[in-house]
Amino acid sequence: MLERYATVEEAVQHPELFQGVRFVMLADRSEVAWIEGGLDGEVRIERRQNGVLAHTNHYLIADLAAQNEKYYESSHKRYDRVMELLQAQKQYTLADFIRIGEDQTAGPVNSLWRTGDETSHTQTVAQMVVWLHPDGDFTVYVKYRAAADDAGHEQTVQLTKQEIFDSTAHQ
């Protein structure tokens, strides 16, 4: 998709790309979108030119919500929390997005950065932030760990547009 389409507008003109069970987020310098793919090939798209969008692991569009296999409290709590944090300000830096992704306000199971507990061993093992600068540049930040039992020993990688696309940087 990244090779074929330069904008959200171009990508969403091809809903066949999003068929099947999936949640996809897209952004360019002028808008952000999330796409939900349903069990029967349905595709629903939510777009914003001014504002914020977030998604977790459950269908948000009402006519697809019946396809949520179960009600996962954690997914709903995480969605509500990320929207609360995103609506608290108008402009963001890379550090803001990293801070939001590392939020642990709701404890080990329901926070954005989940560490798990004795009842739920589900953990967040990676965070990826793509920060689109107003001038069209971007920065990609990835925090990850290879195994759940390596909590506290995450690795981070941060690359700029120039570092990613500069052919001499990869020789």
# chains A, B, ... in the order shown; residues from 1 in each chain; ligands from 1
>>> residues_around(residues="Pro134 in chain A", least_positions_apart="6", cutoff="12 Å", atoms="only C-alpha atoms", output="PyMOL selection string")
chain A and resi 28-31+91-93
>>> residues_around(residues="range 110-120 of chain A", least_positions_apart="5", cutoff="9 Å", atoms="only C-alpha atoms", output="ChimeraX atom specification")
/A:73-79,81-82,100-105,125-127,148,151
>>> residues_around(residues="Phe23 in chain A", least_positions_apart="3", cutoff="7 Å", atoms="only C-alpha atoms", output="PyMOL selection string")
chain A and resi 35-37
>>> atom_distance(atom1="CA of Ala33 in chain A", atom2="CA of Glu163 in chain A")
25.8 Å
>>> select_by_dssp(residues="range 13-160 of chain A", states="strand (DSSP E or B)", output="ChimeraX atom specification")
/A:22-27,32-37,43-48,126-132,138-144,155-160
>>> closest_residue(among="A:His121, A:Thr56, A:Gln13, A:Asn68", to="Gly38 in chain A", atoms="only C-alpha atoms")
A:Asn68
>>> closest_residue(among="A:Ala27, A:Tyr144, A:Leu60, A:Pro15", to="Glu42 in chain A", atoms="only C-alpha atoms")
A:Pro15
>>> select_by_dssp(residues="range 8-59 of chain A", states="helix (DSSP H, G or I)", output="ChimeraX atom specification")
/A:8-12,15-18
>>> write_last_selection(atoms="C-alpha atoms", output="PDB file, in the first residue's frame")
ATOM      1  CA  VAL A   8      -5.151   8.579   2.684  1.00  0.00           C
ATOM      2  CA  GLU A   9      -7.546   9.775  -0.030  1.00  0.00           C
ATOM      3  CA  GLU A  10      -5.839   7.576  -2.646  1.00  0.00           C
ATOM      4  CA  ALA A  11      -5.743   4.503  -0.393  1.00  0.00           C
ATOM      5  CA  VAL A  12      -9.384   4.627   0.720  1.00  0.00           C
ATOM      6  CA  PRO A  15     -11.635  -0.679  -0.164  1.00  0.00           C
ATOM      7  CA  GLU A  16     -10.750  -4.122  -1.511  1.00  0.00           C
ATOM      8  CA  LEU A  17      -7.374  -3.669   0.206  1.00  0.00           C
ATOM      9  CA  PHE A  18      -9.086  -3.700   3.598  1.00  0.00           C
TER      10      PHE A  18
END
